[in-house]
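structure39.txt (compact mmCIF, C-alpha atoms) appears below.
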# COMPACT_ATOMS: atom_id res chain seq x y z
CA MET A 14 131.68 107.24 70.73
CA SER A 15 129.14 107.72 73.51
CA PHE A 16 128.38 105.60 76.52
CA ALA A 17 124.69 105.41 77.30
CA LEU A 18 124.07 104.19 80.83
CA ASP A 19 121.23 101.70 81.08
CA LEU A 20 119.60 103.09 84.21
CA CYS A 21 116.23 102.36 85.75
CA SER A 22 113.42 104.61 84.48
CA CYS A 23 111.43 104.66 87.73
CA LYS A 24 111.52 107.73 89.92
CA ARG A 25 112.61 107.72 93.52
CA GLY A 26 110.99 109.95 96.07
CA PHE A 27 107.65 110.77 97.59
CA PHE A 28 107.63 114.52 98.23
CA THR A 29 110.21 115.17 95.50
CA LEU A 30 111.01 112.97 92.51
CA ARG A 31 114.46 112.12 91.15
CA ASP A 32 115.95 109.49 88.88
CA CYS A 33 116.65 106.03 90.19
CA ALA A 34 120.40 105.43 90.08
CA ASN A 35 120.17 101.65 89.83
CA SER A 36 121.16 99.80 86.66
CA ALA A 37 118.26 98.40 84.66
CA VAL A 38 117.98 94.64 84.49
CA THR A 39 114.76 94.14 82.53
CA SER A 40 111.90 95.94 80.80
CA CYS A 41 108.38 96.54 82.09
CA SER A 42 105.88 94.46 80.14
CA ALA A 43 103.36 97.34 80.21
CA CYS A 44 105.33 100.55 79.59
CA SER A 45 108.45 98.96 78.03
CA ARG A 46 110.74 101.19 80.09
CA ARG A 47 113.99 99.75 81.40
CA ILE A 48 113.64 98.87 85.11
CA CYS A 49 115.98 97.83 87.92
CA ALA A 50 115.55 94.79 90.15
CA GLU A 51 114.12 96.89 92.99
CA HIS A 52 111.36 98.42 90.88
CA ILE A 53 110.16 95.36 88.98
CA THR A 54 107.40 93.14 90.39
CA GLN A 55 107.03 89.39 90.05
CA ALA A 56 104.29 90.02 87.50
CA GLY A 57 106.84 91.64 85.15
CA LEU A 58 105.40 95.13 85.56
CA CYS A 59 107.26 98.06 87.06
CA VAL A 60 105.99 99.24 90.43
CA GLU A 61 104.83 102.52 88.90
CA CYS A 62 102.61 100.77 86.32
CA VAL A 63 101.19 98.50 88.99
CA ALA A 64 100.51 101.46 91.30
CA LYS A 65 98.84 103.40 88.47
CA ARG A 66 96.58 100.47 87.69
CA SER A 67 95.83 99.87 91.38
CA GLU A 68 96.55 96.20 90.84
CA ASP A 69 97.29 95.49 94.44
CA ALA A 70 97.26 91.76 93.87
CA ALA A 71 100.20 92.03 91.51
CA LEU A 72 102.29 93.80 94.09
CA ASP A 73 104.55 91.60 96.07
CA GLU A 74 104.37 93.97 99.03
CA THR A 75 107.92 95.07 99.68
CA SER A 76 108.71 98.37 101.32
CA THR A 77 109.39 99.86 97.87
CA THR A 78 106.08 98.72 96.37
CA TYR A 79 104.24 99.95 99.46
CA ALA A 80 105.90 103.38 99.17
CA ILE A 81 105.17 103.72 95.43
CA ARG A 82 101.56 102.65 95.91
CA SER A 83 101.17 105.15 98.76
CA ARG A 84 102.76 107.85 96.58
CA GLN A 85 100.35 107.19 93.71
CA ARG A 86 97.36 107.33 96.05
CA TRP A 87 98.61 110.52 97.72
CA TYR A 88 99.12 112.32 94.41
CA GLY A 89 95.63 111.24 93.31
CA SER A 90 93.80 112.16 96.49
CA SER A 91 95.57 115.23 97.85
CA ASN A 92 96.32 117.47 94.85
CA TYR A 93 99.96 117.41 95.88
CA SER A 94 102.42 118.26 93.11
CA PRO A 95 105.85 116.79 93.83
CA VAL A 96 109.02 118.75 93.09
CA TRP A 97 110.73 117.34 90.02
CA TRP A 98 114.50 116.81 90.18
CA GLY A 99 114.74 114.11 87.52
CA THR A 100 115.14 113.58 83.81
CA SER A 101 112.12 114.47 81.71
CA ASP A 102 109.93 111.44 81.07
CA PRO A 103 106.66 111.39 79.04
CA TYR A 104 105.46 108.61 81.36
CA TRP A 105 104.88 111.32 83.98
CA ASN A 106 102.97 113.68 81.69
CA ASP A 107 99.70 113.05 83.52
CA THR A 108 101.24 114.04 86.87
CA ASP A 109 101.15 117.67 87.89
CA TYR A 110 104.68 118.06 89.20
CA ARG A 111 106.56 121.29 89.99
CA TRP A 112 109.87 122.23 88.39
CA TYR A 113 111.82 125.35 87.58
CA GLU A 114 110.62 126.81 84.31
CA GLY A 115 113.24 129.54 83.94
CA ASN A 116 116.37 129.43 81.84
CA ASP A 117 118.69 128.41 84.62
CA ASP A 118 121.16 125.58 84.28
CA ASP A 119 120.44 121.93 83.88
CA ASP A 120 123.83 120.78 84.95
CA GLY A 121 123.45 117.09 84.33
CA GLY A 122 123.63 116.72 88.04
CA GLY A 123 125.14 114.47 90.54
CA PHE A 124 128.52 116.01 91.30
CA GLY A 125 128.15 118.43 94.18
CA ASP A 126 126.77 121.92 94.29
CA SER A 127 128.08 123.21 90.95
CA MET B 17 98.04 73.64 124.27
CA ALA B 18 101.04 75.82 123.40
CA ASN B 19 100.84 79.56 123.99
CA ARG B 20 101.28 80.86 120.43
CA VAL B 21 101.71 84.48 121.53
CA LYS B 22 104.50 83.47 123.90
CA GLN B 23 106.12 81.44 121.11
CA ALA B 24 105.95 84.47 118.80
CA PHE B 25 107.51 86.64 121.51
CA ASN B 26 110.31 84.11 122.13
CA ALA B 27 111.02 84.06 118.38
CA LEU B 28 112.00 87.75 118.56
CA SER B 29 115.65 88.70 119.03
CA PRO B 30 116.77 89.86 122.49
CA GLU B 31 116.86 93.47 121.22
CA GLN B 32 113.31 93.17 119.86
CA GLN B 33 112.10 91.61 123.11
CA ASP B 34 113.63 94.52 125.03
CA ILE B 35 111.71 96.97 122.82
CA VAL B 36 108.42 95.12 123.49
CA ARG B 37 109.09 95.14 127.24
CA ALA B 38 110.39 98.72 127.51
CA ARG B 39 108.09 100.19 124.85
CA ARG B 40 110.72 102.76 124.01
CA PHE B 41 113.82 102.94 121.85
CA SER B 42 115.92 105.44 119.98
CA GLY B 43 118.87 105.52 117.64
CA ALA B 44 120.18 106.37 114.21
CA ARG B 45 120.00 103.67 111.54
CA SER B 46 119.13 103.36 107.87
CA PRO B 47 115.41 102.86 107.10
CA ASP B 48 116.16 99.29 105.97
CA GLU B 49 117.86 98.56 109.29
CA TRP B 50 114.90 100.03 111.18
CA LEU B 51 112.48 97.94 109.10
CA ALA B 52 114.49 94.79 109.75
CA LEU B 53 114.43 95.52 113.48
CA LEU B 54 110.81 96.65 113.82
CA SER B 55 108.85 94.60 111.27
CA PRO B 56 109.02 91.36 113.33
CA ILE B 57 107.73 93.35 116.33
CA ALA B 58 104.81 94.56 114.20
CA ASP B 59 104.07 90.97 113.15
CA TYR B 60 104.14 89.90 116.80
CA ASP B 61 101.86 92.79 117.77
CA ARG B 62 99.39 91.90 115.02
CA GLN B 63 99.20 88.33 116.27
CA ALA B 64 98.90 89.48 119.90
CA ASP B 65 96.11 91.94 119.02
CA GLU B 66 94.16 89.22 117.18
CA THR B 67 94.53 86.99 120.21
CA ARG B 68 93.40 89.71 122.59
CA ALA B 69 90.34 90.27 120.41
CA GLY B 70 89.20 86.74 121.15
CA GLY B 71 91.34 84.57 118.93
CA GLY B 72 92.97 82.51 121.66
CA GLY B 73 92.64 80.86 125.04
CA PHE B 74 92.76 82.50 128.45
CA PHE B 75 96.54 82.24 128.93
CA GLU B 76 97.26 83.45 125.39
CA ARG B 77 95.02 86.48 125.87
CA ARG B 78 96.62 87.26 129.23
CA TYR B 79 100.13 86.99 127.78
CA ALA B 80 99.14 89.17 124.82
CA ARG B 81 97.68 91.78 127.17
CA LYS B 82 100.77 91.88 129.38
CA ASN B 83 103.19 92.04 126.46
CA ASP B 84 101.29 94.42 124.22
CA VAL B 85 102.93 96.93 121.92
CA PRO B 86 100.87 100.14 121.46
CA ASN B 87 99.51 100.41 117.93
CA GLY B 88 101.36 103.64 117.18
CA LEU B 89 104.36 101.57 116.20
CA ARG B 90 102.52 99.25 113.81
CA THR B 91 100.07 101.69 112.26
CA PHE B 92 102.05 104.92 112.21
CA ALA B 93 105.81 104.69 112.77
CA ILE B 94 106.60 101.59 110.70
CA PRO B 95 104.47 102.52 107.63
CA LEU B 96 106.25 105.87 107.64
CA LEU B 97 109.70 104.33 107.18
CA PRO B 98 109.39 103.21 103.51
CA ILE B 99 107.91 106.61 102.63
CA LEU B 100 110.78 108.54 104.23
CA ARG B 101 113.28 106.13 102.68
CA GLU B 102 112.13 107.20 99.22
CA ASP B 103 113.29 110.77 99.78
CA MET B 104 116.27 110.19 102.02
CA GLU B 105 119.80 110.81 100.93
CA PRO B 106 121.49 107.43 100.34
CA GLY B 107 123.54 106.53 103.39
CA ALA B 108 121.97 109.20 105.60
CA PRO B 109 120.78 107.94 108.99
CA LEU B 110 117.20 108.13 110.15
CA GLU B 111 117.16 109.29 113.76
CA LEU B 112 114.19 107.95 115.69
CA TRP B 113 112.99 108.57 119.24
CA VAL B 114 109.98 106.41 120.05
CA ASP B 115 108.30 106.31 123.46
CA LEU B 116 105.17 104.15 123.60
CA THR B 117 104.90 103.99 127.38
CA GLY B 118 101.73 106.12 127.13
CA PRO B 119 100.90 109.64 128.23
CA LEU B 120 99.51 108.90 131.71
CA VAL B 121 102.78 108.49 133.57
CA SER B 122 103.92 110.87 136.27
CA THR B 123 107.10 111.92 134.46
CA LYS B 124 105.00 113.28 131.58
CA ALA B 125 102.72 115.38 133.79
CA VAL B 126 103.37 119.04 133.12
CA ARG B 127 100.72 120.78 135.21
CA HIS B 128 98.04 120.15 137.87
CA SER B 129 95.11 122.47 138.43
CA GLU B 130 94.15 123.58 141.91
CA PRO B 131 91.21 121.48 143.23
CA TYR B 132 87.90 123.12 142.34
CA LYS B 133 84.20 122.38 142.67
CA LYS B 134 81.89 121.73 139.75
CA GLY B 135 78.19 120.84 140.04
CA ALA B 136 77.71 117.82 142.29
CA TYR B 137 81.44 117.19 142.44
CA ARG B 138 83.10 118.52 145.58
CA LYS B 139 86.62 118.07 144.24
CA VAL B 140 87.86 118.20 140.65
CA VAL B 141 91.55 118.16 139.68
CA ASP B 142 92.84 118.45 136.11
CA THR B 143 96.26 117.01 135.30
CA PHE B 144 97.87 117.83 131.97
CA TYR B 145 100.32 115.48 130.29
CA ASP B 146 102.61 116.03 127.28
CA ASP B 147 103.76 112.85 125.57
CA ALA B 148 106.14 113.28 122.62
CA TRP B 149 105.92 109.66 121.52
CA LEU B 150 107.52 109.96 118.10
CA GLN B 151 110.35 112.25 117.03
CA VAL B 152 112.19 111.87 113.74
CA ARG B 153 115.10 113.66 112.11
CA THR B 154 116.75 112.92 108.78
CA ARG B 155 118.30 114.40 105.64
CA PHE B 156 116.72 114.19 102.20
CA ALA B 157 118.42 113.73 98.83
CA ASP B 158 117.65 117.35 97.87
CA GLY B 159 119.68 118.59 100.86
CA ALA B 160 116.60 119.31 102.98
CA GLN B 161 116.62 118.52 106.69
CA LEU B 162 113.35 117.07 107.94
CA GLN B 163 112.40 117.01 111.58
CA PHE B 164 109.02 116.26 113.10
CA ALA B 165 107.36 115.32 116.34
CA VAL B 166 104.05 113.73 117.26
CA ILE B 167 102.96 114.88 120.71
CA ASP B 168 99.89 113.72 122.63
CA HIS B 169 98.42 116.31 125.00
CA VAL B 170 96.14 114.66 127.53
CA ARG B 171 93.88 116.30 130.09
CA SER B 172 93.04 113.85 132.84
CA THR B 173 90.15 115.05 135.01
CA PHE B 174 89.72 113.44 138.43
CA LYS B 175 86.27 114.00 140.01
CA GLU B 176 84.99 113.13 143.44
CA LYS B 177 81.46 113.45 144.85
CA LYS B 178 79.36 112.16 147.71
CA ASN B 179 76.05 110.58 146.71
CA PRO B 180 72.82 111.04 148.74
CA ARG B 181 73.56 107.86 150.71
CA GLY B 182 76.91 109.28 151.81
CA LYS B 183 79.01 107.04 149.60
CA ILE B 184 82.05 108.65 147.98
CA LYS B 185 82.23 108.20 144.20
CA ARG B 186 85.37 108.89 142.18
CA LYS B 187 86.00 108.82 138.47
CA THR B 188 88.66 109.94 136.01
CA LYS B 189 88.07 111.08 132.44
CA ASN B 190 90.80 111.57 129.87
CA LYS B 191 90.73 113.70 126.74
CA LYS B 192 93.48 113.72 124.16
CA LYS B 193 94.67 116.00 121.40
CA THR B 194 97.54 115.03 119.11
CA GLU B 195 99.86 117.77 117.94
CA MET B 196 102.15 117.29 114.94
CA THR B 197 104.92 119.71 114.11
CA VAL B 198 107.07 119.45 111.00
CA THR B 199 110.21 121.49 110.34
CA LEU B 200 111.67 121.36 106.84
CA THR B 201 114.92 123.23 106.24
CA VAL B 202 115.69 123.51 102.52
CA PRO B 203 118.86 124.88 100.84
CA ASN B 204 118.41 128.24 99.12
CA ARG B 205 120.47 127.05 96.15
CA LEU B 206 117.54 124.79 95.20
CA TYR B 207 114.45 126.38 96.76
CA ALA B 208 112.86 129.78 97.42
CA PRO B 209 109.69 130.71 99.32
CA ALA B 210 106.54 130.23 97.26
CA THR B 211 102.83 130.97 97.39
CA GLY B 212 99.79 128.92 96.53
CA SER B 213 100.19 126.27 99.17
CA ARG B 214 97.45 124.43 101.01
CA PRO B 215 96.22 126.10 104.20
CA LEU B 216 97.53 124.59 107.43
CA PRO B 217 96.65 125.48 111.03
CA LYS B 218 100.17 126.59 111.94
CA GLN B 219 102.82 127.81 109.55
CA LYS B 220 106.02 129.81 109.73
CA LEU B 221 108.65 130.57 107.12
CA LYS B 222 112.07 131.74 108.22
CA PRO B 223 114.60 132.53 105.45
CA SER B 224 118.29 132.87 106.24
CA ASP B 225 121.44 133.20 104.12
CA LYS B 226 121.80 129.59 103.09
CA HIS B 227 118.56 127.92 104.12
CA THR B 228 114.84 128.49 104.40
CA LYS B 229 113.18 126.97 107.41
CA VAL B 230 109.53 125.99 107.01
CA THR B 231 107.64 125.04 110.16
CA VAL B 232 104.08 123.73 109.89
CA GLY B 233 101.82 122.01 112.36
CA GLY B 234 98.36 121.10 113.44
CA THR B 235 96.35 119.49 116.21
CA LEU B 236 93.86 116.64 115.96
CA VAL B 237 91.22 115.80 118.56
CA ALA B 238 91.33 112.09 119.35
CA LYS B 239 88.16 110.13 120.08
CA GLN B 240 89.92 107.86 122.57
CA VAL B 241 93.10 108.12 124.60
CA ASP B 242 94.68 105.18 122.79
CA ALA B 243 93.69 106.40 119.31
CA VAL B 244 96.54 106.71 116.80
CA PRO B 245 96.42 109.54 114.25
CA GLN B 246 96.21 108.79 110.55
CA LEU B 247 99.55 108.70 108.77
CA GLU B 248 98.03 110.90 106.06
CA SER B 249 97.88 113.79 108.56
CA LEU B 250 101.66 113.81 108.84
CA ILE B 251 102.14 113.32 105.08
CA GLU B 252 99.86 116.30 104.52
CA LEU B 253 102.01 118.46 106.80
CA ILE B 254 105.26 117.47 105.04
CA SER B 255 103.56 118.06 101.68
CA GLY B 256 102.37 121.44 102.92
CA ALA B 257 105.91 122.32 103.98
CA TYR B 258 107.22 121.46 100.51
CA GLU B 259 104.44 123.51 98.91
CA ARG B 260 105.73 126.59 100.75
CA VAL B 261 108.90 126.51 98.67
CA ALA B 262 109.51 126.18 94.94
CA PRO B 263 112.54 125.05 92.94
CA VAL B 264 114.80 127.87 91.69
CA ARG B 265 116.87 125.87 89.26
CA ARG B 266 116.86 122.75 87.18
CA LYS B 267 119.07 120.05 88.46
CA LYS B 268 119.20 116.28 88.35
CA LEU B 269 119.78 115.00 91.84
structure tokens encoding of this file:
Amino acid sequence: MSFALDLCSCKRGFFTLRDCANSAVTSCSACSRRICAEHITQAGLCVECVAKRSEDAALDETSTTYAIRSRQRWYGSSNYSPVWWGTSDPYWNDTDYRWYEGNDDDDGGGFGDS
Amino acid sequence: MANRVKQAFNALSPEQQDIVRARRFSGARSPDEWLALLSPIADYDRQADETRAGGGGFFERRYARKNDVPNGLRTFAIPLLPILREDMEPGAPLELWVDLTGPLVSTKAVRHSEPYKKGAYRKVVDTFYDDAWLQVRTRFADGAQLQFAVIDHVRSTFKEKKNPRGKIKRKTKNKKKTEMTVTLTVPNRLYAPATGSRPLPKQKLKPSDKHTKVTVGGTLVAKQVDAVPQLESLIELISGAYERVAPVRRKKL
């Protein structure tokens, strides 16, 4: 028997990206990913979908939505590739992020230095 | 008619009113706590600036002018908080030192030139000021320590001449450059020095046993003394610091 945690699919971070640790409460109406209360907008879209579509009007401008929108713009305008410390996600395939490509450990993370 | 700027000021908490009056504050709080403290001040400043630009009566404009908050807080420091919050380690404090009293105060003067003559001017004195108006230190979720400072360097030139009618004329001109320095200290268990990063005016990489210290910086020439640099300039420096290292393992943080 396995326990699958229903965690938010959005990524936290600006200069580096990591998984959001919040529990999901709903699904994004555009990408269908499971999303937490912090990363869902009133329009029913996740903040990452809204930022990608540049639908500023749909963003109820919280500090989180502002940060994600700024992140999307920065990645698009500056050629910056964030460091990836999260779970692989096809949603991010069009983003040129940096991660370790060797055969070193993927320790499942979260519990100290290992 | 009620003074709306004064009403907005009175609606601030005593701590927020003290910040508006003193134009300086420091401390260690979470980004959310900083936003809760500073956002109402930004709203007040926005309203006061609109009033000063002609949106109110004489007394409102005078009150707004006397109780102004320099725009560095509203257009640079506060927008930075949600961005830093994204990368910060949960529960880590964000240490802020903000001094918006301006560069042209005697305590910030670092050097005076000897009086000299130049053209028609019989006396010219240059005074140099260093104003570190924003300093930040925090810890990121990847174990990196981030520290940066925004420093205004102002050269204030006082000139004095006597015109043909014998009248003494004096004037002062100010020129400003803004220096930004970012220090990113990353743990060697996650990062190693890398190549292929964007060029930056100043850069230094200092590896040690457990950490690699990346220092980057640059200087911007300001058009006016009260000009505030673009937030993107600082984001570019932090990005450039991260580009000087690369991950050496896979790990979910």
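Among the candidates A:Ser83, A:Ser101, A:Asn92, A:Asn35, the one nearest to His52 in chain A when counting only C-alpha atoms is A:Asn35.
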Exercise. Once you count only C-alpha atoms, which residues of chain B turn out to be within 6 Å of chain A? Could you give them as a ChimeraX atom specification?
Worked result: /B:98-99,102-103,263-269
Seminar exercise, completed: Between CA of Val21 in chain B and CA of Asn83 in chain B lies a distance of 9.1 Å
For this session: Give me the residues within 9 Å of Gln240 in chain B as an MDAnalysis selection string, counting all atoms listed in the file and dropping any in the same chain fewer than 6 places off.
Result: chainID B and resid 190:192
Exercise. Which one is closest to Phe174 in chain B: B:Phe92, B:Tyr207, B:Phe144, B:Tyr258? Count only C-alpha atoms.
Worked result: B:Phe144
Would you kindly return, as a JSON list (two decimals) with C-alpha atoms, keeping the file's coordinate frame, each protein, DNA or RNA residue with an atom no farther than 12 Å from any atom of Arg90 in chain B, considering all atoms listed in the file and excluding same-chain residues fewer than 4 positions away?
[["chain", "number", "residue", "atom", "x", "y", "z"],
["B", 51, "LEU", "CA", 112.48, 97.94, 109.10],
["B", 54, "LEU", "CA", 110.81, 96.65, 113.82],
["B", 55, "SER", "CA", 108.85, 94.60, 111.27],
["B", 56, "PRO", "CA", 109.02, 91.36, 113.33],
["B", 57, "ILE", "CA", 107.73, 93.35, 116.33],
["B", 58, "ALA", "CA", 104.81, 94.56, 114.20],
["B", 59, "ASP", "CA", 104.07, 90.97, 113.15],
["B", 60, "TYR", "CA", 104.14, 89.90, 116.80],
["B", 61, "ASP", "CA", 101.86, 92.79, 117.77],
["B", 62, "ARG", "CA", 99.39, 91.90, 115.02],
["B", 63, "GLN", "CA", 99.20, 88.33, 116.27],
["B", 65, "ASP", "CA", 96.11, 91.94, 119.02],
["B", 84, "ASP", "CA", 101.29, 94.42, 124.22],
["B", 85, "VAL", "CA", 102.93, 96.93, 121.92],
["B", 86, "PRO", "CA", 100.87, 100.14, 121.46],
["B", 94, "ILE", "CA", 106.60, 101.59, 110.70],
["B", 95, "PRO", "CA", 104.47, 102.52, 107.63],
["B", 96, "LEU", "CA", 106.25, 105.87, 107.64],
["B", 97, "LEU", "CA", 109.70, 104.33, 107.18],
["B", 116, "LEU", "CA", 105.17, 104.15, 123.60],
["B", 244, "VAL", "CA", 96.54, 106.71, 116.80],
["B", 245, "PRO", "CA", 96.42, 109.54, 114.25],
["B", 246, "GLN", "CA", 96.21, 108.79, 110.55],
["B", 247, "LEU", "CA", 99.55, 108.70, 108.77]]
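Among the candidate residues B:Ser46, B:Thr235, B:Thr173, B:Asn87, the one lying nearest to Met196 in chain B is B:Thr235, with distances computed using only C-alpha atoms.
Checking A:Arg66, A:Gly89, A:Cys41, A:Glu74 one by one against Thr108 in chain A, counting all atoms listed in the file, you find the shortest gap at A:Gly89.
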For this session: Enumerate, as number ranges by chain, the protein, DNA and RNA residues whose atoms approach (81.3, 117.4, 145.2) to within 12 Å, taking into account only C-alpha atoms and the coordinate frame of the file.
Result: B: 131-141, 174-180, 182-187
File dump, residues just selected, C-alpha atoms, as an mmCIF file, in the coordinates of the input:
data_model
loop_
_atom_site.group_PDB
_atom_site.id
_atom_site.type_symbol
_atom_site.label_atom_id
_atom_site.label_comp_id
_atom_site.auth_asym_id
_atom_site.auth_seq_id
_atom_site.Cartn_x
_atom_site.Cartn_y
_atom_site.Cartn_z
ATOM 1 C CA PRO B 131 91.210 121.480 143.230
ATOM 2 C CA TYR B 132 87.900 123.120 142.340
ATOM 3 C CA LYS B 133 84.200 122.380 142.670
ATOM 4 C CA LYS B 134 81.890 121.730 139.750
ATOM 5 C CA GLY B 135 78.190 120.840 140.040
ATOM 6 C CA ALA B 136 77.710 117.820 142.290
ATOM 7 C CA TYR B 137 81.440 117.190 142.440
ATOM 8 C CA ARG B 138 83.100 118.520 145.580
ATOM 9 C CA LYS B 139 86.620 118.070 144.240
ATOM 10 C CA VAL B 140 87.860 118.200 140.650
ATOM 11 C CA VAL B 141 91.550 118.160 139.680
ATOM 12 C CA PHE B 174 89.720 113.440 138.430
ATOM 13 C CA LYS B 175 86.270 114.000 140.010
ATOM 14 C CA GLU B 176 84.990 113.130 143.440
ATOM 15 C CA LYS B 177 81.460 113.450 144.850
ATOM 16 C CA LYS B 178 79.360 112.160 147.710
ATOM 17 C CA ASN B 179 76.050 110.580 146.710
ATOM 18 C CA PRO B 180 72.820 111.040 148.740
ATOM 19 C CA GLY B 182 76.910 109.280 151.810
ATOM 20 C CA LYS B 183 79.010 107.040 149.600
ATOM 21 C CA ILE B 184 82.050 108.650 147.980
ATOM 22 C CA LYS B 185 82.230 108.200 144.200
ATOM 23 C CA ARG B 186 85.370 108.890 142.180
ATOM 24 C CA LYS B 187 86.000 108.820 138.470
#
For this session: Tell me which protein, DNA and RNA residues are within 6 Å of Met104 in chain B, counting only C-alpha atoms, leaving out same-chain ones fewer than 6 positions away, and put them as a VMD selection string.
Result: chain B and resid 155 to 157
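Going from CA of Asp34 in chain B to CA of Arg81 in chain B covers 16.3 Å.
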When you write range 100-106 of chain B out from the block above, keep all heavy atoms and present the result as a compact mmCIF listing (two decimals), in the first residue's frame, please.
# COMPACT_ATOMS: atom_id res chain seq x y z
N LEU B 100 12.19 37.90 -3.05
CA LEU B 100 13.10 37.21 -2.12
C LEU B 100 12.37 36.13 -1.35
O LEU B 100 12.91 35.07 -1.06
CB LEU B 100 13.72 38.22 -1.15
CG LEU B 100 14.70 39.23 -1.77
CD1 LEU B 100 15.19 40.18 -0.69
CD2 LEU B 100 15.87 38.53 -2.44
N ARG B 101 11.11 36.39 -1.03
CA ARG B 101 10.32 35.41 -0.25
C ARG B 101 10.23 34.08 -0.98
O ARG B 101 10.22 33.02 -0.36
CB ARG B 101 8.91 35.98 0.00
CG ARG B 101 8.09 35.14 0.95
CD ARG B 101 6.70 35.68 1.08
NE ARG B 101 5.92 35.38 -0.11
CZ ARG B 101 4.62 35.21 -0.11
NH1 ARG B 101 3.92 35.35 0.99
NH2 ARG B 101 3.97 34.94 -1.23
N GLU B 102 10.17 34.14 -2.31
CA GLU B 102 10.05 32.91 -3.10
C GLU B 102 11.22 31.96 -2.84
O GLU B 102 11.05 30.75 -2.81
CB GLU B 102 10.01 33.25 -4.59
CG GLU B 102 8.66 33.71 -5.08
CD GLU B 102 7.62 32.61 -4.98
OE1 GLU B 102 7.84 31.52 -5.53
OE2 GLU B 102 6.57 32.85 -4.34
N ASP B 103 12.41 32.52 -2.69
CA ASP B 103 13.60 31.67 -2.55
C ASP B 103 14.02 31.44 -1.11
O ASP B 103 14.89 30.62 -0.85
CB ASP B 103 14.77 32.30 -3.32
CG ASP B 103 14.68 32.05 -4.81
OD1 ASP B 103 14.58 30.87 -5.19
OD2 ASP B 103 14.66 33.02 -5.57
N MET B 104 13.42 32.19 -0.19
CA MET B 104 13.90 32.10 1.20
C MET B 104 13.53 30.78 1.86
O MET B 104 12.52 30.17 1.55
CB MET B 104 13.32 33.26 2.01
CG MET B 104 14.07 34.55 1.80
SD MET B 104 13.33 35.92 2.70
CE MET B 104 13.44 35.33 4.38
N GLU B 105 14.40 30.40 2.77
CA GLU B 105 14.12 29.22 3.58
C GLU B 105 12.93 29.53 4.48
O GLU B 105 12.91 30.60 5.12
CB GLU B 105 15.36 28.91 4.42
CG GLU B 105 15.24 27.68 5.26
CD GLU B 105 16.51 27.47 6.08
OE1 GLU B 105 17.47 26.93 5.53
OE2 GLU B 105 16.53 27.86 7.25
N PRO B 106 11.94 28.63 4.54
CA PRO B 106 10.78 28.90 5.40
C PRO B 106 11.22 29.16 6.84
O PRO B 106 12.02 28.41 7.40
CB PRO B 106 9.95 27.62 5.29
CG PRO B 106 10.36 26.99 4.00
CD PRO B 106 11.82 27.35 3.82
